[in-house]
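This is coords34.pdb. It holds PDB, C-alpha atoms and all ligand atoms.
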ATOM      1  CA  MET A   1     105.624  67.226 134.267
ATOM      2  CA  ALA A   2     103.503  70.210 135.174
ATOM      3  CA  LEU A   3     102.504  70.918 131.608
ATOM      4  CA  VAL A   4      99.121  71.953 130.318
ATOM      5  CA  PHE A   5      98.538  70.602 126.839
ATOM      6  CA  THR A   6      95.939  72.532 124.925
ATOM      7  CA  TRP A   7      95.181  72.806 121.251
ATOM      8  CA  GLY A   8      95.195  76.156 119.484
ATOM      9  CA  CYS A   9      91.532  76.819 120.149
ATOM     10  CA  GLY A  10      92.262  76.723 123.876
ATOM     11  CA  HIS A  11      90.335  73.692 125.123
ATOM     12  CA  ALA A  12      91.991  70.969 127.160
ATOM     13  CA  ALA A  13      93.253  68.298 124.835
ATOM     14  CA  GLY A  14      91.543  65.334 126.395
ATOM     15  CA  VAL A  15      94.423  63.997 128.468
ATOM     16  CA  GLY A  16      93.354  60.686 129.944
ATOM     17  CA  ARG A  17      90.192  60.563 127.835
ATOM     18  CA  ARG A  18      91.243  57.339 126.135
ATOM     19  CA  GLY A  19      92.192  55.442 129.297
ATOM     20  CA  ALA A  20      95.664  54.517 130.486
ATOM     21  CA  ALA A  21      98.122  55.823 127.921
ATOM     22  CA  PRO A  22     101.639  54.432 127.561
ATOM     23  CA  SER A  23     104.008  56.402 129.745
ATOM     24  CA  LEU A  24     107.662  57.370 129.568
ATOM     25  CA  GLU A  25     107.996  56.330 133.204
ATOM     26  CA  ALA A  26     107.160  52.719 132.360
ATOM     27  CA  VAL A  27     110.224  52.005 130.228
ATOM     28  CA  SER A  28     113.896  52.140 131.147
ATOM     29  CA  LEU A  29     116.403  54.082 129.083
ATOM     30  CA  ARG A  30     118.068  50.752 128.322
ATOM     31  CA  GLU A  31     114.822  49.355 126.947
ATOM     32  CA  ALA A  32     114.076  52.488 124.884
ATOM     33  CA  LEU A  33     117.545  52.336 123.344
ATOM     34  CA  GLU A  34     117.043  48.652 122.637
ATOM     35  CA  ARG A  35     113.749  49.319 120.836
ATOM     36  CA  ARG A  36     114.718  52.480 118.927
ATOM     37  CA  ALA A  37     114.467  52.055 115.162
ATOM     38  CA  THR A  38     113.339  53.960 112.096
ATOM     39  CA  THR A  39     109.740  53.384 111.016
ATOM     40  CA  ARG A  40     108.853  54.183 107.417
ATOM     41  CA  CYS A  41     105.394  52.657 107.156
ATOM     42  CA  PHE A  42     102.535  53.682 109.428
ATOM     43  CA  ARG A  43      99.206  52.066 110.232
ATOM     44  CA  PRO A  44      96.364  54.016 108.604
ATOM     45  CA  GLY A  45      93.511  55.119 110.839
ATOM     46  CA  SER A  46      95.575  55.016 114.044
ATOM     47  CA  PRO A  47      96.057  58.604 115.220
ATOM     48  CA  LEU A  48      98.282  59.347 118.179
ATOM     49  CA  SER A  49      96.497  60.423 121.356
ATOM     50  CA  ASP A  50      96.976  63.911 122.749
ATOM     51  CA  GLU A  51      98.722  62.425 125.783
ATOM     52  CA  THR A  52     101.162  60.506 123.615
ATOM     53  CA  LEU A  53     101.963  63.641 121.616
ATOM     54  CA  ARG A  54     102.365  65.615 124.832
ATOM     55  CA  GLN A  55     104.966  63.163 126.108
ATOM     56  CA  ILE A  56     106.837  63.118 122.800
ATOM     57  CA  LEU A  57     106.954  66.918 122.655
ATOM     58  CA  TRP A  58     108.083  67.134 126.262
ATOM     59  CA  ALA A  59     110.937  64.777 125.452
ATOM     60  CA  ALA A  60     111.732  66.868 122.369
ATOM     61  CA  GLU A  61     112.057  70.250 124.026
ATOM     62  CA  GLY A  62     110.009  70.410 127.224
ATOM     63  CA  THR A  63     111.104  72.253 130.339
ATOM     64  CA  ASN A  64     112.941  70.113 132.891
ATOM     65  CA  ARG A  65     115.000  70.494 136.073
ATOM     66  CA  GLY A  66     111.879  71.402 138.013
ATOM     67  CA  GLY A  67     110.456  73.767 135.415
ATOM     68  CA  ARG A  68     111.560  76.883 137.318
ATOM     69  CA  ASP A  69     113.469  78.288 134.330
ATOM     70  CA  GLU A  70     111.886  77.882 130.928
ATOM     71  CA  SER A  71     115.282  77.949 129.207
ATOM     72  CA  ARG A  72     116.106  74.615 130.852
ATOM     73  CA  ARG A  73     114.941  71.932 128.471
ATOM     74  CA  THR A  74     115.109  68.201 127.864
ATOM     75  CA  SER A  75     117.330  68.728 124.799
ATOM     76  CA  PRO A  76     120.581  70.704 124.650
ATOM     77  CA  CYS A  77     121.055  73.650 122.264
ATOM     78  CA  SER A  78     123.926  75.605 120.761
ATOM     79  CA  PHE A  79     124.976  78.996 122.175
ATOM     80  CA  ARG A  80     122.368  78.641 124.950
ATOM     81  CA  GLU A  81     119.733  79.686 122.428
ATOM     82  CA  ARG A  82     116.749  77.833 120.984
ATOM     83  CA  THR A  83     117.194  78.013 117.230
ATOM     84  CA  ILE A  84     114.713  75.272 116.304
ATOM     85  CA  THR A  85     110.943  75.660 116.379
ATOM     86  CA  LEU A  86     108.741  72.575 116.277
ATOM     87  CA  TYR A  87     105.513  72.292 114.318
ATOM     88  CA  LEU A  88     103.120  69.346 114.125
ATOM     89  CA  ALA A  89     101.539  68.789 110.725
ATOM     90  CA  THR A  90      98.352  66.751 111.061
ATOM     91  CA  ARG A  91      95.210  66.078 109.037
ATOM     92  CA  GLU A  92      93.541  68.918 110.958
ATOM     93  CA  GLY A  93      96.208  71.515 110.193
ATOM     94  CA  VAL A  94      99.629  72.630 111.409
ATOM     95  CA  PHE A  95     100.287  73.437 115.074
ATOM     96  CA  LEU A  96     103.124  75.420 116.618
ATOM     97  CA  HIS A  97     104.567  73.857 119.774
ATOM     98  CA  GLU A  98     105.006  76.341 122.607
ATOM     99  CA  PRO A  99     107.401  74.440 124.870
ATOM    100  CA  ALA A 100     107.364  76.626 127.975
ATOM    101  CA  ALA A 101     103.584  76.335 128.300
ATOM    102  CA  GLY A 102     103.395  72.862 126.749
ATOM    103  CA  THR A 103     100.714  74.056 124.354
ATOM    104  CA  LEU A 104      99.980  73.715 120.659
ATOM    105  CA  ARG A 105      98.682  76.670 118.651
ATOM    106  CA  LYS A 106      97.110  76.190 115.251
ATOM    107  CA  VAL A 107      98.989  78.192 112.635
ATOM    108  CA  ALA A 108      97.696  76.706 109.376
ATOM    109  CA  ASP A 109      94.395  75.129 108.448
ATOM    110  CA  ARG A 110      95.491  72.813 105.667
ATOM    111  CA  ASP A 111      96.742  69.242 105.742
ATOM    112  CA  ALA A 112     100.365  69.954 104.758
ATOM    113  CA  ARG A 113     101.891  66.592 105.710
ATOM    114  CA  THR A 114     102.601  64.923 102.398
ATOM    115  CA  GLY A 115     103.548  68.159 100.649
ATOM    116  CA  SER A 116     106.454  68.607 103.031
ATOM    117  CA  SER A 117     108.488  65.731 101.559
ATOM    118  CA  ARG A 118     108.166  63.430  98.565
ATOM    119  CA  LEU A 119     109.177  60.627 100.958
ATOM    120  CA  LEU A 120     105.992  61.118 102.967
ATOM    121  CA  ARG A 121     103.571  60.453 100.110
ATOM    122  CA  ASP A 122     103.318  56.703 100.727
ATOM    123  CA  ARG A 123     104.176  56.419 104.406
ATOM    124  CA  ARG A 124     100.730  57.361 105.782
ATOM    125  CA  ALA A 125     102.089  59.123 108.854
ATOM    126  CA  PRO A 126      99.290  60.642 110.967
ATOM    127  CA  VAL A 127     101.673  63.267 112.340
ATOM    128  CA  VAL A 128     104.724  64.917 110.829
ATOM    129  CA  LEU A 129     106.968  66.906 113.142
ATOM    130  CA  TRP A 130     108.740  69.772 111.365
ATOM    131  CA  MET A 131     111.929  71.236 112.844
ATOM    132  CA  VAL A 132     112.466  74.732 111.486
ATOM    133  CA  GLY A 133     115.737  76.563 112.153
ATOM    134  CA  ASP A 134     116.004  80.308 112.653
ATOM    135  CA  VAL A 135     119.165  81.638 111.015
ATOM    136  CA  GLU A 136     118.984  85.121 112.506
ATOM    137  CA  THR A 137     118.444  83.874 116.052
ATOM    138  CA  LEU A 138     121.430  81.566 115.696
ATOM    139  CA  ARG A 139     123.720  84.218 114.194
ATOM    140  CA  SER A 140     122.799  86.708 116.934
ATOM    141  CA  ALA A 141     123.453  84.169 119.671
ATOM    142  CA  ALA A 142     126.750  83.150 118.072
ATOM    143  CA  SER A 143     127.764  86.776 117.724
ATOM    144  CA  ARG A 144     127.048  87.442 121.410
ATOM    145  CA  ALA A 145     129.360  84.523 122.184
ATOM    146  CA  GLY A 146     132.077  86.009 119.939
ATOM    147  CA  TYR A 147     131.595  83.779 116.875
ATOM    148  CA  ARG A 148     130.849  84.764 113.296
ATOM    149  CA  LEU A 149     129.294  81.805 111.496
ATOM    150  CA  ASP A 150     129.582  81.408 107.722
ATOM    151  CA  PRO A 151     126.609  79.859 105.860
ATOM    152  CA  ALA A 152     127.998  76.323 106.026
ATOM    153  CA  GLN A 153     128.696  76.612 109.753
ATOM    154  CA  THR A 154     125.241  78.075 110.296
ATOM    155  CA  MET A 155     123.616  75.079 108.631
ATOM    156  CA  ALA A 156     125.850  72.646 110.509
ATOM    157  CA  VAL A 157     124.787  74.132 113.847
ATOM    158  CA  LEU A 158     121.100  74.090 112.885
ATOM    159  CA  TRP A 159     121.466  70.425 111.904
ATOM    160  CA  ALA A 160     123.068  69.633 115.222
ATOM    161  CA  ASP A 161     120.348  71.459 117.147
ATOM    162  CA  ALA A 162     117.658  69.563 115.230
ATOM    163  CA  ALA A 163     119.448  66.217 115.512
ATOM    164  CA  VAL A 164     119.612  66.244 119.306
ATOM    165  CA  ILE A 165     115.887  66.933 119.422
ATOM    166  CA  ALA A 166     115.337  64.127 116.925
ATOM    167  CA  GLU A 167     117.126  61.608 119.103
ATOM    168  CA  ASN A 168     115.043  62.598 122.122
ATOM    169  CA  VAL A 169     111.930  62.098 119.986
ATOM    170  CA  HIS A 170     113.202  58.725 118.782
ATOM    171  CA  LEU A 171     113.772  57.529 122.339
ATOM    172  CA  ALA A 172     110.427  58.806 123.603
ATOM    173  CA  CYS A 173     108.659  57.135 120.697
ATOM    174  CA  ALA A 174     110.489  53.877 121.346
ATOM    175  CA  ALA A 175     109.428  54.026 124.992
ATOM    176  CA  LEU A 176     105.804  54.752 124.066
ATOM    177  CA  GLY A 177     105.550  52.130 121.320
ATOM    178  CA  VAL A 178     105.218  54.785 118.630
ATOM    179  CA  GLY A 179     106.952  54.531 115.275
ATOM    180  CA  ALA A 180     109.236  57.379 114.222
ATOM    181  CA  GLY A 181     111.486  58.161 111.300
ATOM    182  CA  ILE A 182     113.711  61.122 110.512
ATOM    183  CA  ILE A 183     113.343  62.730 107.078
ATOM    184  CA  ALA A 184     115.945  65.120 105.731
ATOM    185  CA  ASP A 185     114.679  65.341 102.153
ATOM    186  CA  LEU A 186     112.202  68.192 102.644
ATOM    187  CA  ASP A 187     110.346  70.623 100.409
ATOM    188  CA  ALA A 188     111.531  73.697 102.296
ATOM    189  CA  ASP A 189     109.504  76.127 100.193
ATOM    190  CA  TRP A 190     106.298  74.176 100.850
ATOM    191  CA  ILE A 191     106.898  74.285 104.576
ATOM    192  CA  ARG A 192     107.817  77.986 104.529
ATOM    193  CA  ASP A 193     104.768  78.822 102.397
ATOM    194  CA  THR A 194     102.485  76.883 104.717
ATOM    195  CA  LEU A 195     103.872  78.710 107.752
ATOM    196  CA  GLY A 196     104.268  82.118 106.090
ATOM    197  CA  LEU A 197     107.994  82.214 106.883
ATOM    198  CA  ASP A 198     110.811  83.920 104.994
ATOM    199  CA  ARG A 199     114.070  82.327 103.823
ATOM    200  CA  ALA A 200     115.815  83.083 107.112
ATOM    201  CA  HIS A 201     113.790  80.128 108.411
ATOM    202  CA  VAL A 202     115.153  76.785 107.297
ATOM    203  CA  PRO A 203     113.230  73.512 107.613
ATOM    204  CA  VAL A 204     116.080  71.265 108.771
ATOM    205  CA  LEU A 205     114.573  67.884 109.587
ATOM    206  CA  ALA A 206     111.153  66.321 109.865
ATOM    207  CA  MET A 207     110.001  63.226 111.709
ATOM    208  CA  ALA A 208     107.110  61.032 110.672
ATOM    209  CA  LEU A 209     105.263  59.738 113.743
ATOM    210  CA  GLY A 210     102.536  57.142 114.148
ATOM    211  CA  MET A 211     101.725  53.569 114.964
ATOM    212  CA  PRO A 212     103.950  51.249 112.925
ATOM    213  CA  ALA A 213     102.285  49.119 110.283
ATOM    214  CA  ALA A 214     103.131  45.448 110.093
ATOM    215  CA  THR A 215     104.937  44.702 106.863
ATOM    216  CA  ASP A 216     106.040  41.433 105.376
ATOM    217  CA  GLY A 217     109.641  42.428 105.588
ATOM    218  CA  ASP A 218     111.795  44.570 107.839
ATOM    219  CA  ALA A 219     109.744  47.204 109.674
ATOM    220  CA  ALA A 220     112.419  49.708 108.709
ATOM    221  CA  ALA A 221     112.151  48.836 105.013
ATOM    222  CA  MET A 222     112.234  51.715 102.562
ATOM    223  CA  GLU A 223     108.984  50.540 100.942
ATOM    224  CA  CYS A 224     105.506  50.802 102.459
ATOM    225  CA  PRO A 225     103.342  48.117 100.824
ATOM    226  CA  GLN A 226      99.764  49.048  99.942
ATOM    227  CA  ASP A 227      98.358  46.185 102.025
ATOM    228  CA  ALA A 228     100.247  47.102 105.227
ATOM    229  CA  THR A 229      97.219  47.786 107.396
ATOM    230  CA  GLU A 230      97.682  45.869 110.625
ATOM    231  CA  GLY A 231     100.009  46.830 113.446
ATOM    232  CA  PRO A 232     102.535  44.480 115.037
TER     233      PRO A 232
HETATM  234  C1  LIG B 301     120.298  63.174 109.929
HETATM  235  C2  LIG B 301     119.467  62.010 109.465
HETATM  236  C3  LIG B 301     118.746  62.115 108.299
HETATM  237  C4  LIG B 301     117.938  61.065 107.872
HETATM  238  N1  LIG B 301     117.184  61.217 106.736
HETATM  239  C5  LIG B 301     116.359  60.215 106.341
HETATM  240  C6  LIG B 301     115.544  60.386 105.183
HETATM  241  O1  LIG B 301     115.527  61.436 104.533
HETATM  242  N2  LIG B 301     114.750  59.359 104.824
HETATM  243  C7  LIG B 301     114.716  58.200 105.525
HETATM  244  O2  LIG B 301     113.966  57.304 105.143
HETATM  245  N3  LIG B 301     115.477  58.006 106.626
HETATM  246  C8  LIG B 301     116.303  58.985 107.048
HETATM  247  N4  LIG B 301     117.064  58.829 108.178
HETATM  248  C9  LIG B 301     116.982  57.575 108.933
HETATM  249  C10 LIG B 301     118.178  56.688 108.639
HETATM  250  O3  LIG B 301     118.108  56.193 107.323
HETATM  251  C11 LIG B 301     118.200  55.529 109.659
HETATM  252  O4  LIG B 301     118.360  56.064 110.951
HETATM  253  C12 LIG B 301     119.315  54.545 109.348
HETATM  254  O5  LIG B 301     119.023  53.843 108.170
HETATM  255  C13 LIG B 301     119.522  53.528 110.474
HETATM  256  O6  LIG B 301     118.332  52.821 110.707
HETATM  257  P1  LIG B 301     117.641  52.771 112.144
HETATM  258  O7  LIG B 301     117.267  54.190 112.531
HETATM  259  O8  LIG B 301     116.456  51.892 112.007
HETATM  260  O9  LIG B 301     118.665  52.227 113.102
HETATM  261  C14 LIG B 301     117.879  59.860 108.620
HETATM  262  C15 LIG B 301     118.627  59.762 109.794
HETATM  263  C16 LIG B 301     119.398  60.818 110.219
HETATM  264  C17 LIG B 301     120.188  60.698 111.520
END

Would you kindly transcribe this structure into structure tokens?
Ligand SMILES: Cc1cc2nc3c(=O)[nH]c(=O)nc-3n(C[C@H](O)[C@H](O)[C@H](O)COP(=O)(O)O)c2cc1C
Amino acid sequence: MALVFTWGCGHAAGVGRRGAAPSLEAVSLREALERRATTRCFRPGSPLSDETLRQILWAAEGTNRGGRDESRRTSPCSFRERTITLYLATREGVFLHEPAAGTLRKVADRDARTGSSRLLRDRRAPVVLWMVGDVETLRSAASRAGYRLDPAQTMAVLWADAAVIAENVHLACAALGVGAGIIADLDADWIRDTLGLDRAHVPVLAMALGMPAATDGDAAAMECPQDATEGP
């Protein structure tokens, strides 16, 4: 992975600063599939390292097949066009992922995590990955391929494009020991307002990411108890 991971202000993101990070290379696909599960309750005070985020974002939409062509990515896409843009909402602000360079650029200063879904209010996720679809980009690409998509078809394709990214993220997180959960119930206007986007941009899915909290019951339980502080 010849990616440089820098934050929006341009400094190197501290790869390796925290010692040996978990690596995608260390876990087989079989093992990642075995471990994959939805996490809905995250351990407070356990941020994800830059290196962990870099690996998750590479799995989501990084360049692959040698990196010679930036349109070749780890996830497939409809009409040979990238219609989904990824943003990371963190305590420090919201960052746009630039997959060809493997960089993050700060695009909003506020902590917009919990405002993006009512489901996120109690989950304590340190990072929320937003997947925002671009209707015009999709319609243009479809048109070039000879298709005219109606609104329902447009949304179905955006969902599919987001869902394949989501599964890559799920598997990477499982391999890295990170908890992840898809959220479809989003406040689209909040996300658009935060990013300054118009209605041709549709927040399709989000994923809460972080270290799983230990809970008394099933780790995938819908509830996140107030006293869930320790990890497994
Ligand atoms: C398209 C999609 C949307 C989902 N939306 C939500 C959601 O809004 N809230 C939530 O808690 N889980 C959501 N999930 C997670 C599912 O509830 C979860 O995958 C399912 O219960 C199976 O559990 P598992 O992932 O642990 O195997 C979603 C999953 C998918 C694929």

Please enumerate the residues selected by the PyMOL selection byres (((not hetatm)) within 9 of (chain B and resi 301)) when evaluated against the supplied file, formatted as a compact mmCIF listing (two decimals) with C-alpha atoms, in the frame of the given file.
# COMPACT_ATOMS: atom_id res chain seq x y z
CA ARG A 36 114.72 52.48 118.93
CA ALA A 37 114.47 52.06 115.16
CA THR A 38 113.34 53.96 112.10
CA THR A 39 109.74 53.38 111.02
CA ARG A 40 108.85 54.18 107.42
CA SER A 117 108.49 65.73 101.56
CA LEU A 119 109.18 60.63 100.96
CA TRP A 159 121.47 70.42 111.90
CA ALA A 160 123.07 69.63 115.22
CA ALA A 162 117.66 69.56 115.23
CA ALA A 163 119.45 66.22 115.51
CA ALA A 166 115.34 64.13 116.92
CA GLU A 167 117.13 61.61 119.10
CA HIS A 170 113.20 58.72 118.78
CA ALA A 180 109.24 57.38 114.22
CA GLY A 181 111.49 58.16 111.30
CA ILE A 182 113.71 61.12 110.51
CA ILE A 183 113.34 62.73 107.08
CA ALA A 184 115.94 65.12 105.73
CA ASP A 185 114.68 65.34 102.15
CA LEU A 186 112.20 68.19 102.64
CA LEU A 205 114.57 67.88 109.59
CA ALA A 206 111.15 66.32 109.86
CA MET A 207 110.00 63.23 111.71
CA ALA A 219 109.74 47.20 109.67
CA ALA A 220 112.42 49.71 108.71
CA ALA A 221 112.15 48.84 105.01
CA MET A 222 112.23 51.72 102.56

Result set of the PyMOL selection byres (((chain A and resi 53-59) around 10) and not hetatm) on the coordinates above, as a PDB file with C-alpha atoms, keeping the file's coordinate frame:
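Written output follows (part-v5.pdb):
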ATOM      1  CA  MET A   1     105.624  67.226 134.267  1.00  0.00           C
ATOM      2  CA  LEU A   3     102.504  70.918 131.608  1.00  0.00           C
ATOM      3  CA  VAL A   4      99.121  71.953 130.318  1.00  0.00           C
ATOM      4  CA  PHE A   5      98.538  70.602 126.839  1.00  0.00           C
ATOM      5  CA  THR A   6      95.939  72.532 124.925  1.00  0.00           C
ATOM      6  CA  ALA A  13      93.253  68.298 124.835  1.00  0.00           C
ATOM      7  CA  VAL A  15      94.423  63.997 128.468  1.00  0.00           C
ATOM      8  CA  PRO A  22     101.639  54.432 127.561  1.00  0.00           C
ATOM      9  CA  SER A  23     104.008  56.402 129.745  1.00  0.00           C
ATOM     10  CA  LEU A  24     107.662  57.370 129.568  1.00  0.00           C
ATOM     11  CA  LEU A  48      98.282  59.347 118.179  1.00  0.00           C
ATOM     12  CA  SER A  49      96.497  60.423 121.356  1.00  0.00           C
ATOM     13  CA  ASP A  50      96.976  63.911 122.749  1.00  0.00           C
ATOM     14  CA  GLU A  51      98.722  62.425 125.783  1.00  0.00           C
ATOM     15  CA  THR A  52     101.162  60.506 123.615  1.00  0.00           C
ATOM     16  CA  ALA A  60     111.732  66.868 122.369  1.00  0.00           C
ATOM     17  CA  GLU A  61     112.057  70.250 124.026  1.00  0.00           C
ATOM     18  CA  GLY A  62     110.009  70.410 127.224  1.00  0.00           C
ATOM     19  CA  THR A  63     111.104  72.253 130.339  1.00  0.00           C
ATOM     20  CA  ASN A  64     112.941  70.113 132.891  1.00  0.00           C
ATOM     21  CA  ARG A  73     114.941  71.932 128.471  1.00  0.00           C
ATOM     22  CA  THR A  74     115.109  68.201 127.864  1.00  0.00           C
ATOM     23  CA  SER A  75     117.330  68.728 124.799  1.00  0.00           C
ATOM     24  CA  LEU A  86     108.741  72.575 116.277  1.00  0.00           C
ATOM     25  CA  LEU A  88     103.120  69.346 114.125  1.00  0.00           C
ATOM     26  CA  HIS A  97     104.567  73.857 119.774  1.00  0.00           C
ATOM     27  CA  GLU A  98     105.006  76.341 122.607  1.00  0.00           C
ATOM     28  CA  PRO A  99     107.401  74.440 124.870  1.00  0.00           C
ATOM     29  CA  ALA A 100     107.364  76.626 127.975  1.00  0.00           C
ATOM     30  CA  GLY A 102     103.395  72.862 126.749  1.00  0.00           C
ATOM     31  CA  THR A 103     100.714  74.056 124.354  1.00  0.00           C
ATOM     32  CA  LEU A 104      99.980  73.715 120.659  1.00  0.00           C
ATOM     33  CA  VAL A 127     101.673  63.267 112.340  1.00  0.00           C
ATOM     34  CA  LEU A 129     106.968  66.906 113.142  1.00  0.00           C
ATOM     35  CA  ILE A 165     115.887  66.933 119.422  1.00  0.00           C
ATOM     36  CA  ALA A 166     115.337  64.127 116.925  1.00  0.00           C
ATOM     37  CA  GLU A 167     117.126  61.608 119.103  1.00  0.00           C
ATOM     38  CA  ASN A 168     115.043  62.598 122.122  1.00  0.00           C
ATOM     39  CA  VAL A 169     111.930  62.098 119.986  1.00  0.00           C
ATOM     40  CA  HIS A 170     113.202  58.725 118.782  1.00  0.00           C
ATOM     41  CA  LEU A 171     113.772  57.529 122.339  1.00  0.00           C
ATOM     42  CA  ALA A 172     110.427  58.806 123.603  1.00  0.00           C
ATOM     43  CA  CYS A 173     108.659  57.135 120.697  1.00  0.00           C
ATOM     44  CA  ALA A 175     109.428  54.026 124.992  1.00  0.00           C
ATOM     45  CA  LEU A 176     105.804  54.752 124.066  1.00  0.00           C
ATOM     46  CA  VAL A 178     105.218  54.785 118.630  1.00  0.00           C
ATOM     47  CA  LEU A 209     105.263  59.738 113.743  1.00  0.00           C
ATOM     48  CA  GLY A 210     102.536  57.142 114.148  1.00  0.00           C
TER      49      GLY A 210
END

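The smallest atom-to-atom distance between Thr83 in chain A and any of A:Gly133, A:Pro203, A:Gly66, A:Gly45, using only C-alpha atoms, is found for A:Gly133.
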
Study note, to complete from the structure: Residue with the minimum atom-to-atom distance to Val107 in chain A, picked from A:Leu29, A:Ala174, A:Val132, A:Leu195 with all atoms listed in the file counted, is A:Leu195

Check your understanding: Residues around (96.5, 71.9, 110.5), cut-off 7 Å, counting all atoms listed in the file - what are they as an MDAnalysis selection string?
Key -> chainID A and resid 89:95 106 108:111

Exercise for review: List the residues matched by the PyMOL selection byres (((chain A and resi 44) around 7) and not hetatm) in the displayed structure as a PyMOL selection string, ordered by chain and then by residue number.
Suggested key: chain A and resi 42-43+45-46+124+229

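The interatomic distance for the pair CA of Phe79 in chain A and CA of Asp193 in chain A works out to 28.3 Å.
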
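Distance-wise, CA of Arg113 in chain A and CA of Arg82 in chain A end up 24.1 Å apart.
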
Study note, to complete from the structure: CA of Val204 in chain A sits from CA of Glu31 in chain A at a separation of 28.5 Å

Exercise for review: List every protein, DNA or RNA residue that has at least one atom no more than 8 Å from (117.0, 83.4, 108.3) in the file's coordinates, counting all atoms listed in the file, and write the result as JSON, numbers by chain.
Suggested key: {"A": [133, 134, 135, 136, 137, 198, 199, 200, 201, 202]}

Save out the residues we just selected, C-alpha atoms, as a PDB file, keeping the file's coordinate frame.
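Done, and the output landed in selection39.pdb:
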ATOM      1  CA  GLY A 133     115.737  76.563 112.153  1.00  0.00           C
ATOM      2  CA  ASP A 134     116.004  80.308 112.653  1.00  0.00           C
ATOM      3  CA  VAL A 135     119.165  81.638 111.015  1.00  0.00           C
ATOM      4  CA  GLU A 136     118.984  85.121 112.506  1.00  0.00           C
ATOM      5  CA  THR A 137     118.444  83.874 116.052  1.00  0.00           C
ATOM      6  CA  ASP A 198     110.811  83.920 104.994  1.00  0.00           C
ATOM      7  CA  ARG A 199     114.070  82.327 103.823  1.00  0.00           C
ATOM      8  CA  ALA A 200     115.815  83.083 107.112  1.00  0.00           C
ATOM      9  CA  HIS A 201     113.790  80.128 108.411  1.00  0.00           C
ATOM     10  CA  VAL A 202     115.153  76.785 107.297  1.00  0.00           C
TER      11      VAL A 202
END
